[in-house]
Amino acid sequence: MKELLWLIVALPFAGALILALAGKKLPRLACAIVGVGSISLSAIAAFMVGLDFLHGNSMGAPFDQTLWQWIDVFGLSPRIAFHLDTVSLTFIFVITFVGALIHLYSAPFMWKEEGYARFFVYMNLFVGFMLMLVLADNLLLLYLGWEGVGLCSYLLIGFWYKDPANGYAARKAFTVTRIGDTAMVIGLFLLFTNFHTLNIQAILTAAPAKWAVGSGVAITTAFLLLGGAIGKSAQFPLQTWLPDAMAAPSPVSALIHAATMVTAGVYLIARTHVLFSLAPIVQSTVAIIGAVTLILGGLAALYQHDIKRVLAYSTISQIGYMFLALGVGAWSAAIFHFMIHAFFKALLFLGAGSVIWVMRNEHNMFRMGGLWKKLPVVFWTFLVGACALSALPLITAGFYSKDEILWLSYASDKGSVALWFTGLAGAFITALYTFRMVFLTFFGPRKAEPTQRPGIAMTLPLIVLGLLSLVGGFIELPDNMGHVTLFSRFIQKTLPATMITSFGHSTELIAQLIAAAVAITGAGIAYKLYYNKPFPAAIPVRNSWQTFFFKGWDFDQLYNSIIVAPIVFLSRIDKDDVIDRFYNILAAITRLLNRALTATQNGRLRWYAMMLAIGTIITLTILFYP
Amino acid sequence: MTIPTEQQILLAVILFCIGLTGVLVRRNVIFMLMSVEVMLNAAGLAFIVGGAAWGHADGQVMFLFILAMAAAEVAVGLALIIQLYNKFKSDDADKASDMRG
């Protein structure tokens with residue numbers, strides 16, 4: 001059954017191919033069936049492969065499947081081959097399963113849109129590339145998937161291309177992630193020159209013997225890979241593209257910009273964890289970037305009025321938690337939070353999408369309100385997602401995953417009180433902005449009537465994801481609450497366990513109580529500030545520092561003035577230099593010749609005959625009277 | 001009585017020039033086609049003159065070739081003229097200058 005591994009990747013590509021070739025002729029229903037069906041079959045295949053992987057003879061030993069030799073030149077010989085271990089299994093489970101739910105949701109969501117088939121082509125293509133990214137056994141195939149998801153992200157952000165703003169957002173996302181990708185590809189060059197292979201497992205085995213801990217080349221390589229990771233995962237300082245990426249349709253935001261693609265950076269760091277362990281400076285940088293980003297994203301989320309931008313900044317902030325976990329060596333905690341985050345953030349995006357859908361494309365939370373009676377299923381599932389996001393204790397999965405990160409950021413050998421405190425502050429802000437969003441959207445006076453009701457295909461994914469956001473956490477419980485370690489034992493077959501400097505259970509309990517109290521306080525303050533309060537039904541008036549946070553710490557302005565403006569200035573003063581003149585003259589001469597020759601082609605038959613006769617006479621004259 | 005070869009060639013040249021002038025000055029495509037026929041016949045005459053002067057049969061063979069080719073050319077040419085007339089509602093060759101530039 002494990003041999004079906006290739007099918008998981010092939011099915012989404014096949015769906016994309018069918019829709020790309022025949023999508024225009026197929027009716028919408030057929031497009032939806034192909035689009036949703038391919039991912040659902042892929043999810044079933046992933047389920048069967050996973051079952052066999054866990055319960056077969058191998059008991060979770062890594063499984064490699066080589067399809068064919070891809071390139072073989074001068075020692076560079078990557079294969080199209082997949083490597084299945086517990087980490088990639090977790091990722092393909094989340095990608096195919098959450099992906100299938102989101103595809104199901106988008107079938108009715110996009111029903112009235114132009115380019116229905118095109119939407120599913122891009123979505124299927126995205127899932128295919130994402131699966132290729134996480135299953136690749138060499139870094140070149142991983143990079144192909146990496147660029148492929150970037151391309152699909154670009155195409156889907158600009159899906160409603162008739163609005164130039166969406167095209168601009170798509171280009172911005174592509175360009176900003178390109179900065180990271182360039183760093184990453186240089187890192188791959190470095191790895192290849194050092195190890196003469198790009199096979200991930202070979203590199204991970206060879207690296208500790210070849211590179212000393214803290215050696216320059218290890219640090220450089222790890223830094224370059226980190227560059228790729230922060231670009232893709234929208235971490236400080238390359239986080240500016242993600243809020244603008246919300247121009248995409250909501251299911252796209254749920255799939256690409258919350259659950260899967262933006263966590264590719266987390267996957268990359270976890271996958272190449274050996275390199276990061278060899279470069280302790282870089283690993284602590286990862287933790288610091290995570291800590292900075294989670295505060296930065298959280299504070300920005302607090303001042304948004306667009307419901308999707310709240311969630312975008314929240315995603316930035318939550319991935320910051322994952323980076324924090326990676327930075328302190330809590331590998332399995334990072335993967336665990338990735339999985340739980342995929343559940344509840346996809347749920348929140350789909351819920352927000354439903355609200356936007358029933359409110360005729362209204363994104364402003366201040367123009368919503370009082371929706372909880374009108375949209376009960378959306379409200380209750382959204383509430384579950386919000387509780388998980390703000391990590392309300394005991395009942396939600398988010399509490400267990402975030403608590404593990406918080407505890408390990410303090411207790412691990414690389415952790416510190418500062419990191420723990422930052423995480424705690426982030427948790428408080430998270431609870432605050434999450435419940436601000438809930439209270440503004442669903443409570444208070446109703447400002448507009450919903451126009452349509454989501455059907456079963458839209459509510460079913462919400463319910464399933466809601467259940468997962470509640471019970472998903474019970475596969476990994478802390479030491480003092482049942483001590484279930486299913487997930488971490490599962491991940492630790494692939495990634496090393498976290499080094500914990502010994503602390504007593506009482507310390508852990510105190511840390512948990514503080515974390516729980518902070519989350520509840522955040523929610524409580526949000527209740528005080530935003531529950532049933534009258535708000536102006538428009539964009540709120542902001543003072544200067546609120547505007548600063550609203551614009552995401554004004555990073556766009558900063559980058560414009562320190563990077564874009566100097567380049568524009570240089571190109572303007574350099575527009576008319578000697579080299580340009582030379583080429584301009586060349587172009588002018590060519591244009592002149594063109595005009596002269598065009599004049600001879602006047603289309604008159606008699607003119608041509610005359611020219612022929614004159615030519616003949618001249619030739620004969622030259623021949624006979626030399 | 002034999003006509004000197006120079007005069008025969010001169011006749012061919014005169015015929016050729018008349019034909020060429022016809023092609024160059026007439027705008028009516030039918031007349032242009034007829035002028036082309038005159039030029040072909042001038043060339044054929046030159047071949048026969050050459051054949052007679054050297055006592056070879058090749059010249060007459062070539063003339064037969066030219067005759068056959070002229071017949072084919074007229075068939076194709078007339079078909080083209082009808083198409084031209086259908087498209088431009090005119091037999092003026094200068095009107096059919098869509099390919100200019």
# chains A, B, ... in the order shown; residues from 1 in each chain; ligands from 1
>>> residues_around(residues="B:Pro4", least_positions_apart="6", cutoff="12 Å", atoms="only C-alpha atoms", output="PyMOL selection string")
chain B and resi 10-11+49-50+52-53
>>> write_last_selection(atoms="N, CA and C atoms", output="PDB file, in the first residue's frame")
ATOM      1  N   LEU B  10      15.472  40.635 -84.152  1.00  0.00           N
ATOM      2  CA  LEU B  10      14.948  41.980 -83.935  1.00  0.00           C
ATOM      3  C   LEU B  10      13.433  41.932 -83.755  1.00  0.00           C
ATOM      4  N   LEU B  11      12.755  41.095 -84.601  1.00  0.00           N
ATOM      5  CA  LEU B  11      11.299  40.949 -84.484  1.00  0.00           C
ATOM      6  C   LEU B  11      10.926  40.429 -83.083  1.00  0.00           C
ATOM      7  N   VAL B  49      14.101  30.814 -83.840  1.00  0.00           N
ATOM      8  CA  VAL B  49      15.130  31.453 -84.658  1.00  0.00           C
ATOM      9  C   VAL B  49      16.476  30.804 -84.384  1.00  0.00           C
ATOM     10  N   GLY B  50      16.757  30.617 -83.085  1.00  0.00           N
ATOM     11  CA  GLY B  50      18.029  30.000 -82.707  1.00  0.00           C
ATOM     12  C   GLY B  50      18.136  28.593 -83.288  1.00  0.00           C
ATOM     13  N   ALA B  52      16.605  27.325 -85.875  1.00  0.00           N
ATOM     14  CA  ALA B  52      16.761  27.344 -87.336  1.00  0.00           C
ATOM     15  C   ALA B  52      18.194  27.719 -87.712  1.00  0.00           C
ATOM     16  N   ALA B  53      18.759  28.692 -86.983  1.00  0.00           N
ATOM     17  CA  ALA B  53      20.091  29.179 -87.331  1.00  0.00           C
ATOM     18  C   ALA B  53      21.131  28.088 -87.165  1.00  0.00           C
TER      19      ALA B  53
END
>>> interface_residues(of="chain A", to="chain B", cutoff="9 Å", atoms="only C-alpha atoms", output="number ranges by chain")
A: 595, 597-607, 609-610, 613
>>> residues_around(residues="A:Leu19", least_positions_apart="6", cutoff="7 Å", atoms="only C-alpha atoms", output="PyMOL selection string")
chain A and resi 31+117+121
>>> closest_residue(among="B:Thr2, B:Gln83, B:Asn28, B:Asn41", to="B:Phe16", atoms="only C-alpha atoms")
B:Asn41
>>> residues_around(residues="B:Met34", least_positions_apart="5", cutoff="10 Å", atoms="only C-alpha atoms", output="PDB file with C-alpha atoms, in the first residue's frame")
ATOM      1  CA  GLY B  19       4.525  42.859 -74.419  1.00  0.00           C
ATOM      2  CA  GLY B  22       1.749  46.378 -72.194  1.00  0.00           C
ATOM      3  CA  VAL B  23       2.360  44.786 -68.787  1.00  0.00           C
ATOM      4  CA  VAL B  29      -5.460  42.646 -65.580  1.00  0.00           C
ATOM      5  CA  MET B  39       6.154  38.242 -74.227  1.00  0.00           C
ATOM      6  CA  LEU B  40       6.025  34.461 -74.046  1.00  0.00           C
ATOM      7  CA  VAL B  74      -3.651  31.271 -68.930  1.00  0.00           C
TER       8      VAL B  74
END
